[in-house]
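Structure below is target-v3.pdb: PDB, C-alpha atoms.
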```pdb
ATOM      1  CA  MET D   1     -43.100 -33.948 168.685  1.00  0.00           C
ATOM      2  CA  ALA D   2     -43.047 -33.012 172.396  1.00  0.00           C
ATOM      3  CA  TYR D   3     -41.119 -30.026 173.647  1.00  0.00           C
ATOM      4  CA  GLU D   4     -38.690 -30.025 176.579  1.00  0.00           C
ATOM      5  CA  ILE D   5     -37.541 -27.393 179.041  1.00  0.00           C
ATOM      6  CA  LEU D   6     -33.762 -27.305 178.596  1.00  0.00           C
ATOM      7  CA  ASN D   7     -31.583 -26.629 181.640  1.00  0.00           C
ATOM      8  CA  ASP D   8     -28.170 -28.005 180.645  1.00  0.00           C
ATOM      9  CA  LYS D   9     -26.019 -24.953 179.845  1.00  0.00           C
ATOM     10  CA  ARG D  10     -23.309 -27.010 178.169  1.00  0.00           C
ATOM     11  CA  GLU D  11     -25.787 -28.696 175.854  1.00  0.00           C
ATOM     12  CA  LEU D  12     -27.435 -25.373 175.022  1.00  0.00           C
ATOM     13  CA  GLU D  13     -24.044 -23.794 174.389  1.00  0.00           C
ATOM     14  CA  ARG D  14     -23.085 -26.517 171.897  1.00  0.00           C
ATOM     15  CA  PHE D  15     -26.330 -26.048 169.992  1.00  0.00           C
ATOM     16  CA  LEU D  16     -26.334 -22.233 169.977  1.00  0.00           C
ATOM     17  CA  LYS D  17     -22.718 -22.035 168.834  1.00  0.00           C
ATOM     18  CA  LYS D  18     -23.601 -23.882 165.632  1.00  0.00           C
ATOM     19  CA  ASP D  19     -24.967 -20.523 164.364  1.00  0.00           C
ATOM     20  CA  ILE D  20     -23.396 -18.150 166.839  1.00  0.00           C
ATOM     21  CA  TYR D  21     -24.469 -14.783 165.397  1.00  0.00           C
ATOM     22  CA  LEU D  22     -28.051 -15.908 164.822  1.00  0.00           C
ATOM     23  CA  HIS D  23     -28.248 -17.010 168.474  1.00  0.00           C
ATOM     24  CA  LEU D  24     -25.996 -14.334 169.982  1.00  0.00           C
ATOM     25  CA  TYR D  25     -28.578 -13.078 172.471  1.00  0.00           C
ATOM     26  CA  SER D  26     -29.590 -16.550 173.632  1.00  0.00           C
ATOM     27  CA  LEU D  27     -25.975 -17.638 174.001  1.00  0.00           C
ATOM     28  CA  GLY D  28     -25.154 -14.563 176.099  1.00  0.00           C
ATOM     29  CA  ASP D  29     -28.200 -15.229 178.256  1.00  0.00           C
ATOM     30  CA  LEU D  30     -26.591 -18.463 179.470  1.00  0.00           C
ATOM     31  CA  ASP D  31     -24.325 -16.208 181.538  1.00  0.00           C
ATOM     32  CA  ASP D  32     -25.054 -16.162 185.275  1.00  0.00           C
ATOM     33  CA  PHE D  33     -25.871 -12.426 184.969  1.00  0.00           C
ATOM     34  CA  PHE D  34     -28.920 -13.267 182.782  1.00  0.00           C
ATOM     35  CA  TRP D  35     -29.629 -16.961 183.457  1.00  0.00           C
ATOM     36  CA  PRO D  36     -32.132 -16.448 186.335  1.00  0.00           C
ATOM     37  CA  TYR D  37     -34.467 -14.630 183.937  1.00  0.00           C
ATOM     38  CA  THR D  38     -34.451 -17.325 181.224  1.00  0.00           C
ATOM     39  CA  LYS D  39     -36.439 -20.391 180.262  1.00  0.00           C
ATOM     40  CA  PHE D  40     -35.328 -22.380 177.225  1.00  0.00           C
ATOM     41  CA  TYR D  41     -37.788 -24.582 175.334  1.00  0.00           C
ATOM     42  CA  GLY D  42     -36.565 -27.094 172.772  1.00  0.00           C
ATOM     43  CA  LEU D  43     -37.207 -29.997 170.447  1.00  0.00           C
ATOM     44  CA  ARG D  44     -34.996 -33.019 169.939  1.00  0.00           C
ATOM     45  CA  GLN D  45     -34.271 -35.222 166.969  1.00  0.00           C
ATOM     46  CA  HIS D  46     -32.301 -38.462 167.422  1.00  0.00           C
ATOM     47  CA  GLY D  47     -31.463 -37.364 170.961  1.00  0.00           C
ATOM     48  CA  GLU D  48     -29.948 -34.016 169.925  1.00  0.00           C
ATOM     49  CA  ILE D  49     -31.431 -30.520 170.254  1.00  0.00           C
ATOM     50  CA  SER D  50     -32.929 -29.495 166.909  1.00  0.00           C
ATOM     51  CA  ALA D  51     -34.673 -26.223 167.838  1.00  0.00           C
ATOM     52  CA  VAL D  52     -34.684 -23.740 170.723  1.00  0.00           C
ATOM     53  CA  MET D  53     -36.863 -20.831 171.839  1.00  0.00           C
ATOM     54  CA  LEU D  54     -36.013 -18.568 174.765  1.00  0.00           C
ATOM     55  CA  LEU D  55     -38.451 -16.868 177.129  1.00  0.00           C
ATOM     56  CA  TYR D  56     -36.636 -13.956 178.803  1.00  0.00           C
ATOM     57  CA  SER D  57     -38.434 -12.310 181.729  1.00  0.00           C
ATOM     58  CA  ASP D  58     -36.262  -9.470 183.055  1.00  0.00           C
ATOM     59  CA  GLY D  59     -38.648  -6.571 182.557  1.00  0.00           C
ATOM     60  CA  ASN D  60     -42.295  -5.581 182.665  1.00  0.00           C
ATOM     61  CA  VAL D  61     -43.161  -7.608 179.561  1.00  0.00           C
ATOM     62  CA  PRO D  62     -41.353 -10.884 178.818  1.00  0.00           C
ATOM     63  CA  THR D  63     -39.720 -11.481 175.440  1.00  0.00           C
ATOM     64  CA  VAL D  64     -39.670 -14.660 173.345  1.00  0.00           C
ATOM     65  CA  LEU D  65     -36.731 -15.199 170.981  1.00  0.00           C
ATOM     66  CA  GLY D  66     -37.211 -17.681 168.151  1.00  0.00           C
ATOM     67  CA  PHE D  67     -34.551 -17.663 165.432  1.00  0.00           C
ATOM     68  CA  PHE D  68     -34.300 -20.391 162.809  1.00  0.00           C
ATOM     69  CA  ARG D  69     -32.638 -20.894 159.431  1.00  0.00           C
ATOM     70  CA  GLU D  70     -35.406 -23.369 158.592  1.00  0.00           C
ATOM     71  CA  PRO D  71     -38.766 -21.856 159.593  1.00  0.00           C
ATOM     72  CA  THR D  72     -40.678 -25.159 159.596  1.00  0.00           C
ATOM     73  CA  VAL D  73     -38.984 -26.393 162.754  1.00  0.00           C
ATOM     74  CA  GLY D  74     -39.577 -23.019 164.402  1.00  0.00           C
ATOM     75  CA  ILE D  75     -43.280 -23.141 163.590  1.00  0.00           C
ATOM     76  CA  THR D  76     -43.466 -26.666 165.001  1.00  0.00           C
ATOM     77  CA  LEU D  77     -41.806 -25.640 168.277  1.00  0.00           C
ATOM     78  CA  ALA D  78     -43.952 -22.497 168.580  1.00  0.00           C
ATOM     79  CA  LYS D  79     -47.141 -24.544 168.197  1.00  0.00           C
ATOM     80  CA  GLU D  80     -45.945 -26.949 170.884  1.00  0.00           C
ATOM     81  CA  ILE D  81     -45.179 -24.290 173.507  1.00  0.00           C
ATOM     82  CA  LYS D  82     -47.600 -21.451 172.832  1.00  0.00           C
ATOM     83  CA  HIS D  83     -50.070 -22.692 175.469  1.00  0.00           C
ATOM     84  CA  VAL D  84     -47.423 -22.339 178.220  1.00  0.00           C
ATOM     85  CA  LEU D  85     -46.171 -18.886 177.188  1.00  0.00           C
ATOM     86  CA  PRO D  86     -47.416 -15.726 178.954  1.00  0.00           C
ATOM     87  CA  HIS D  87     -50.692 -14.253 177.710  1.00  0.00           C
ATOM     88  CA  HIS D  88     -48.829 -11.093 176.669  1.00  0.00           C
ATOM     89  CA  PHE D  89     -45.232 -10.909 175.435  1.00  0.00           C
ATOM     90  CA  HIS D  90     -42.852  -9.336 172.975  1.00  0.00           C
ATOM     91  CA  ALA D  91     -41.551 -11.633 170.240  1.00  0.00           C
ATOM     92  CA  HIS D  92     -38.513 -11.665 167.973  1.00  0.00           C
ATOM     93  CA  PHE D  93     -39.201 -14.276 165.291  1.00  0.00           C
ATOM     94  CA  SER D  94     -37.495 -15.424 162.137  1.00  0.00           C
ATOM     95  CA  PRO D  95     -39.756 -14.995 159.070  1.00  0.00           C
ATOM     96  CA  ARG D  96     -42.924 -17.143 159.070  1.00  0.00           C
ATOM     97  CA  VAL D  97     -42.591 -18.364 162.669  1.00  0.00           C
ATOM     98  CA  GLN D  98     -45.338 -15.953 163.760  1.00  0.00           C
ATOM     99  CA  SER D  99     -47.839 -17.988 161.704  1.00  0.00           C
ATOM    100  CA  ALA D 100     -47.986 -20.498 164.578  1.00  0.00           C
ATOM    101  CA  PHE D 101     -49.884 -17.867 166.607  1.00  0.00           C
ATOM    102  CA  ASN D 102     -52.307 -16.617 163.934  1.00  0.00           C
ATOM    103  CA  THR D 103     -55.393 -18.494 165.148  1.00  0.00           C
ATOM    104  CA  THR D 104     -54.865 -18.181 168.900  1.00  0.00           C
ATOM    105  CA  HIS D 105     -53.206 -14.790 169.390  1.00  0.00           C
ATOM    106  CA  THR D 106     -53.334 -11.212 168.182  1.00  0.00           C
ATOM    107  CA  LEU D 107     -50.026  -9.991 166.768  1.00  0.00           C
ATOM    108  CA  ASN D 108     -49.033  -6.344 166.489  1.00  0.00           C
ATOM    109  CA  HIS D 109     -46.161  -6.088 164.005  1.00  0.00           C
ATOM    110  CA  HIS D 110     -43.369  -3.635 164.888  1.00  0.00           C
ATOM    111  CA  GLY D 111     -41.337  -4.097 161.736  1.00  0.00           C
ATOM    112  CA  GLU D 112     -38.557  -6.099 160.150  1.00  0.00           C
ATOM    113  CA  PHE D 113     -35.085  -6.009 161.708  1.00  0.00           C
ATOM    114  CA  CYS D 114     -31.599  -7.020 160.626  1.00  0.00           C
ATOM    115  CA  LYS D 115     -29.137  -8.990 162.691  1.00  0.00           C
ATOM    116  CA  MET D 116     -25.631  -7.693 162.068  1.00  0.00           C
ATOM    117  CA  ALA D 117     -22.263  -9.195 163.017  1.00  0.00           C
ATOM    118  CA  LEU D 118     -18.943  -7.414 163.461  1.00  0.00           C
ATOM    119  CA  THR D 119     -16.757  -9.438 161.100  1.00  0.00           C
ATOM    120  CA  ASP D 120     -13.967  -6.917 160.473  1.00  0.00           C
ATOM    121  CA  MET D 121     -12.429  -4.987 163.390  1.00  0.00           C
ATOM    122  CA  SER D 122      -9.840  -3.143 161.274  1.00  0.00           C
ATOM    123  CA  VAL D 123     -11.791   0.111 160.934  1.00  0.00           C
ATOM    124  CA  ILE D 124     -12.872   0.262 164.575  1.00  0.00           C
ATOM    125  CA  GLN D 125      -9.375  -0.499 165.839  1.00  0.00           C
ATOM    126  CA  HIS D 126      -8.023   2.638 164.184  1.00  0.00           C
ATOM    127  CA  LEU D 127     -10.833   5.066 165.048  1.00  0.00           C
ATOM    128  CA  ASN D 128      -9.962   7.799 167.529  1.00  0.00           C
ATOM    129  CA  SER D 129     -12.345   7.553 170.482  1.00  0.00           C
ATOM    130  CA  SER D 130     -10.292   9.621 172.925  1.00  0.00           C
ATOM    131  CA  ASP D 131     -13.153  12.033 173.696  1.00  0.00           C
ATOM    132  CA  THR D 132     -15.415   9.205 174.896  1.00  0.00           C
ATOM    133  CA  TYR D 133     -15.476   7.813 178.430  1.00  0.00           C
ATOM    134  CA  ARG D 134     -16.901   4.865 180.373  1.00  0.00           C
ATOM    135  CA  LEU D 135     -20.265   5.637 181.987  1.00  0.00           C
ATOM    136  CA  SER D 136     -21.250   4.615 185.513  1.00  0.00           C
ATOM    137  CA  ASN D 137     -24.371   4.133 187.629  1.00  0.00           C
ATOM    138  CA  ALA D 138     -23.766   7.566 189.147  1.00  0.00           C
ATOM    139  CA  GLU D 139     -24.865   9.099 185.837  1.00  0.00           C
ATOM    140  CA  ILE D 140     -28.195   7.309 185.557  1.00  0.00           C
ATOM    141  CA  LYS D 141     -30.204  10.557 185.742  1.00  0.00           C
ATOM    142  CA  ASP D 142     -28.315  12.062 182.777  1.00  0.00           C
ATOM    143  CA  ILE D 143     -28.549   8.796 180.828  1.00  0.00           C
ATOM    144  CA  LEU D 144     -32.318   8.560 181.295  1.00  0.00           C
ATOM    145  CA  GLU D 145     -32.663  12.213 180.281  1.00  0.00           C
ATOM    146  CA  LEU D 146     -30.798  11.493 177.045  1.00  0.00           C
ATOM    147  CA  TYR D 147     -32.955   8.470 176.218  1.00  0.00           C
ATOM    148  CA  CYS D 148     -36.153  10.362 177.009  1.00  0.00           C
ATOM    149  CA  GLU D 149     -35.247  13.101 174.543  1.00  0.00           C
ATOM    150  CA  SER D 150     -33.357  11.175 171.893  1.00  0.00           C
ATOM    151  CA  TYR D 151     -34.625   7.577 171.985  1.00  0.00           C
ATOM    152  CA  PRO D 152     -38.084   7.454 173.614  1.00  0.00           C
ATOM    153  CA  GLY D 153     -39.519   3.982 173.997  1.00  0.00           C
ATOM    154  CA  ASN D 154     -36.171   2.229 173.798  1.00  0.00           C
ATOM    155  CA  TRP D 155     -35.517  -0.762 176.051  1.00  0.00           C
ATOM    156  CA  PHE D 156     -32.935   0.182 178.668  1.00  0.00           C
ATOM    157  CA  ASN D 157     -32.276  -1.735 181.875  1.00  0.00           C
ATOM    158  CA  PRO D 158     -30.140   0.289 184.323  1.00  0.00           C
ATOM    159  CA  ARG D 159     -28.780  -3.017 185.653  1.00  0.00           C
ATOM    160  CA  MET D 160     -26.705  -3.263 182.468  1.00  0.00           C
ATOM    161  CA  LEU D 161     -24.537  -0.351 183.627  1.00  0.00           C
ATOM    162  CA  ASP D 162     -23.036  -2.802 186.128  1.00  0.00           C
ATOM    163  CA  THR D 163     -21.182  -4.431 183.219  1.00  0.00           C
ATOM    164  CA  GLY D 164     -19.085  -1.290 182.709  1.00  0.00           C
ATOM    165  CA  GLN D 165     -19.792  -1.488 178.988  1.00  0.00           C
ATOM    166  CA  TYR D 166     -21.531   1.840 178.348  1.00  0.00           C
ATOM    167  CA  PHE D 167     -19.650   4.711 176.731  1.00  0.00           C
ATOM    168  CA  GLY D 168     -20.633   8.333 176.236  1.00  0.00           C
ATOM    169  CA  ILE D 169     -19.559  11.778 175.099  1.00  0.00           C
ATOM    170  CA  ARG D 170     -20.286  14.898 177.157  1.00  0.00           C
ATOM    171  CA  GLU D 171     -20.603  18.395 175.780  1.00  0.00           C
ATOM    172  CA  ASN D 172     -21.949  21.504 177.480  1.00  0.00           C
ATOM    173  CA  GLY D 173     -22.465  19.628 180.721  1.00  0.00           C
ATOM    174  CA  ARG D 174     -24.627  16.791 179.442  1.00  0.00           C
ATOM    175  CA  ILE D 175     -24.306  13.383 177.794  1.00  0.00           C
ATOM    176  CA  VAL D 176     -24.978  13.897 174.081  1.00  0.00           C
ATOM    177  CA  SER D 177     -24.105  10.473 172.659  1.00  0.00           C
ATOM    178  CA  ILE D 178     -24.142   6.970 174.131  1.00  0.00           C
ATOM    179  CA  ALA D 179     -23.531   3.342 173.181  1.00  0.00           C
ATOM    180  CA  GLY D 180     -24.103   0.286 175.364  1.00  0.00           C
ATOM    181  CA  ILE D 181     -24.988  -3.374 175.371  1.00  0.00           C
ATOM    182  CA  HIS D 182     -28.082  -5.556 175.633  1.00  0.00           C
ATOM    183  CA  VAL D 183     -26.084  -8.748 176.156  1.00  0.00           C
ATOM    184  CA  TYR D 184     -22.571  -9.155 177.513  1.00  0.00           C
ATOM    185  CA  SER D 185     -20.843 -12.364 178.531  1.00  0.00           C
ATOM    186  CA  PRO D 186     -17.075 -12.758 178.932  1.00  0.00           C
ATOM    187  CA  ARG D 187     -17.823 -16.393 179.860  1.00  0.00           C
ATOM    188  CA  TYR D 188     -19.346 -17.140 176.444  1.00  0.00           C
ATOM    189  CA  LYS D 189     -17.310 -14.478 174.576  1.00  0.00           C
ATOM    190  CA  VAL D 190     -20.366 -12.718 173.090  1.00  0.00           C
ATOM    191  CA  ALA D 191     -21.901  -9.242 173.265  1.00  0.00           C
ATOM    192  CA  ALA D 192     -24.840  -7.519 171.581  1.00  0.00           C
ATOM    193  CA  LEU D 193     -24.739  -3.736 171.222  1.00  0.00           C
ATOM    194  CA  GLY D 194     -27.777  -1.626 172.042  1.00  0.00           C
ATOM    195  CA  ASN D 195     -29.135   1.657 173.406  1.00  0.00           C
ATOM    196  CA  ILE D 196     -27.054   3.609 170.857  1.00  0.00           C
ATOM    197  CA  THR D 197     -28.229   7.157 170.244  1.00  0.00           C
ATOM    198  CA  THR D 198     -27.138  10.780 169.855  1.00  0.00           C
ATOM    199  CA  LEU D 199     -29.112  13.904 170.703  1.00  0.00           C
ATOM    200  CA  PRO D 200     -30.773  15.190 167.510  1.00  0.00           C
ATOM    201  CA  SER D 201     -28.983  18.549 167.661  1.00  0.00           C
ATOM    202  CA  TYR D 202     -25.597  16.776 167.839  1.00  0.00           C
ATOM    203  CA  ARG D 203     -26.111  14.329 164.988  1.00  0.00           C
ATOM    204  CA  ASN D 204     -24.140  14.165 161.731  1.00  0.00           C
ATOM    205  CA  ARG D 205     -20.872  14.836 163.566  1.00  0.00           C
ATOM    206  CA  GLY D 206     -19.721  11.234 163.881  1.00  0.00           C
ATOM    207  CA  LEU D 207     -20.356  11.063 167.632  1.00  0.00           C
ATOM    208  CA  GLY D 208     -22.366   7.845 167.375  1.00  0.00           C
ATOM    209  CA  LYS D 209     -19.528   6.269 165.433  1.00  0.00           C
ATOM    210  CA  LYS D 210     -17.063   7.293 168.148  1.00  0.00           C
ATOM    211  CA  VAL D 211     -19.020   5.878 171.095  1.00  0.00           C
ATOM    212  CA  THR D 212     -19.735   2.676 169.165  1.00  0.00           C
ATOM    213  CA  ALA D 213     -16.039   2.344 168.336  1.00  0.00           C
ATOM    214  CA  ALA D 214     -15.038   2.956 171.971  1.00  0.00           C
ATOM    215  CA  LEU D 215     -17.475   0.283 173.112  1.00  0.00           C
ATOM    216  CA  CYS D 216     -16.271  -2.268 170.549  1.00  0.00           C
ATOM    217  CA  GLN D 217     -12.630  -1.501 171.385  1.00  0.00           C
ATOM    218  CA  SER D 218     -13.403  -2.245 175.024  1.00  0.00           C
ATOM    219  CA  LEU D 219     -15.385  -5.391 174.257  1.00  0.00           C
ATOM    220  CA  ASN D 220     -12.725  -6.718 171.902  1.00  0.00           C
ATOM    221  CA  LYS D 221     -10.378  -7.233 174.847  1.00  0.00           C
ATOM    222  CA  GLU D 222     -12.468 -10.169 176.094  1.00  0.00           C
ATOM    223  CA  ILE D 223     -15.249 -10.803 173.550  1.00  0.00           C
ATOM    224  CA  ASP D 224     -14.891 -12.826 170.330  1.00  0.00           C
ATOM    225  CA  HIS D 225     -18.311 -12.252 168.751  1.00  0.00           C
ATOM    226  CA  ILE D 226     -20.063  -8.846 168.655  1.00  0.00           C
ATOM    227  CA  GLY D 227     -23.448  -8.246 167.046  1.00  0.00           C
ATOM    228  CA  LEU D 228     -26.432  -5.920 167.042  1.00  0.00           C
ATOM    229  CA  ASN D 229     -30.012  -5.604 165.848  1.00  0.00           C
ATOM    230  CA  VAL D 230     -31.231  -2.675 163.753  1.00  0.00           C
ATOM    231  CA  LYS D 231     -34.518  -1.886 162.031  1.00  0.00           C
ATOM    232  CA  ALA D 232     -34.367  -2.925 158.388  1.00  0.00           C
ATOM    233  CA  ASN D 233     -35.661   0.419 157.121  1.00  0.00           C
ATOM    234  CA  ASN D 234     -33.006   2.376 159.028  1.00  0.00           C
ATOM    235  CA  THR D 235     -30.767   2.543 156.003  1.00  0.00           C
ATOM    236  CA  ALA D 236     -28.541   5.275 157.436  1.00  0.00           C
ATOM    237  CA  ALA D 237     -27.712   3.230 160.548  1.00  0.00           C
ATOM    238  CA  ILE D 238     -27.131   0.072 158.529  1.00  0.00           C
ATOM    239  CA  ALA D 239     -24.785   1.928 156.173  1.00  0.00           C
ATOM    240  CA  CYS D 240     -22.895   3.346 159.158  1.00  0.00           C
ATOM    241  CA  TYR D 241     -22.510  -0.060 160.781  1.00  0.00           C
ATOM    242  CA  LYS D 242     -21.325  -1.582 157.510  1.00  0.00           C
ATOM    243  CA  LYS D 243     -18.615   1.064 157.290  1.00  0.00           C
ATOM    244  CA  LEU D 244     -17.521   0.060 160.790  1.00  0.00           C
ATOM    245  CA  GLY D 245     -17.143  -3.587 159.769  1.00  0.00           C
ATOM    246  CA  PHE D 246     -20.574  -5.104 160.435  1.00  0.00           C
ATOM    247  CA  LYS D 247     -22.526  -7.194 157.949  1.00  0.00           C
ATOM    248  CA  VAL D 248     -26.149  -8.407 157.842  1.00  0.00           C
ATOM    249  CA  ILE D 249     -26.433 -12.107 158.685  1.00  0.00           C
ATOM    250  CA  ALA D 250     -30.227 -12.550 159.036  1.00  0.00           C
ATOM    251  CA  THR D 251     -33.554 -10.759 159.248  1.00  0.00           C
ATOM    252  CA  TYR D 252     -36.380 -11.195 161.727  1.00  0.00           C
ATOM    253  CA  ASN D 253     -39.645  -9.528 162.780  1.00  0.00           C
ATOM    254  CA  GLU D 254     -40.696  -8.022 166.095  1.00  0.00           C
ATOM    255  CA  PHE D 255     -44.226  -8.324 167.474  1.00  0.00           C
ATOM    256  CA  THR D 256     -46.298  -7.694 170.541  1.00  0.00           C
ATOM    257  CA  VAL D 257     -48.370 -10.852 171.063  1.00  0.00           C
ATOM    258  CA  HIS D 258     -51.635 -11.178 173.015  1.00  0.00           C
ATOM    259  CA  LYS D 259     -53.590 -14.365 173.611  1.00  0.00           C
ATOM    260  CA  LYS D 260     -57.142 -14.069 172.268  1.00  0.00           C
TER     261      LYS D 260
END
```
So that I can check it, write out the structure of this file as structure tokens.
Amino acid sequence: MAYEILNDKRELERFLKKDIYLHLYSLGDLDDFFWPYTKFYGLRQHGEISAVMLLYSDGNVPTVLGFFREPTVGITLAKEIKHVLPHHFHAHFSPRVQSAFNTTHTLNHHGEFCKMALTDMSVIQHLNSSDTYRLSNAEIKDILELYCESYPGNWFNPRMLDTGQYFGIRENGRIVSIAGIHVYSPRYKVAALGNITTLPSYRNRGLGKKVTAALCQSLNKEIDHIGLNVKANNTAAIACYKKLGFKVIATYNEFTVHKK
């Protein structure tokens, strides 16, 4: 079964919306803000798209997204395209899909993650987020300082501040809690939360809940589907998100992949 490079946004949109929370990131990446950094690979069956993988290249190391309810089709697509992928990339794969790379690549496993979807806005709608505020590019130095101390190694692209969808809390002259997005598309009505953290000395005060609520309240004005990814062993974060109205809809694994 030969793969194709897929360039028709409308066709991709129809396919990705069949399982919108599983493909939230890929759907958002159809937006013009992200589209120049994407390459979609796919398989067809009876003329219709049956599987899709996304290569996203906005950053030092590209990322491959491969999410499937049925892993067999994902393994098939991965085997078809692995020779055209970069020699070194990050990968987010549904369970078992990584097996397509076992003989040709070295995989460094970074853990299991949960995909979560905001399915109940009732709690967030009533949370008081009055002490939060919308962050801007002018505060990039303070934002980077917070991530360096509180969330080292996290993936943050300053370009995302242009969306206006980053919220923070300041105390004692510095940003102490922040919540933002990895994907945001009013065109496709989807957003994926990310870069959420609170300084260690300010934790257990509900600040993370407040900035997350402020962000979701803002997004809800123009976004229909909000999701996030969280490490499966981060039980405290998962419990917090569940209390806010999120639920787990799938699991996947993250890897760094090198061609042998």
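Distances here use only C-alpha atoms; by that measure, the residue among D:Pro200, D:Arg187, D:Ser99, D:Asn195 closest to Ile143 in chain D is D:Asn195.
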| task | Could you give me, as a ChimeraX atom specification, the residues that have an atom at most 7 Å away from the point (-29.0, -4.3, 166.6) in the coordinates of the file, using all atoms listed in the file? | result | /D:115-116,193-194,227-230
| query | Could you list as an MDAnalysis selection string every residue that has an atom within 12 Å of (-19.5, 12.2, 167.0), using the file's coordinates and counting only C-alpha atoms? | reply | chainID D and resid 127:132 168:171 175:179 197:214
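Note that CA of Tyr252 in chain D and CA of Tyr56 in chain D are 17.3 Å apart.
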| For the file shown, what are the residues hit by the PyMOL selection byres ((chain D and resi 144) around 12), laid out as a ChimeraX atom specification? | /D:137-143,145-158,174-176,178,195,197
| query | Between CA of Lys259 in chain D and CA of His105 in chain D, what is the spacing in Å? | reply | 4.3 Å
| request: Determine, counting all atoms listed in the file, which protein, DNA and RNA residues have an atom within 7 Å of an atom of range 64-77 of chain D; residues of the same chain fewer than 6 positions away are not included. Present the result as a count of residues only. | output: 17
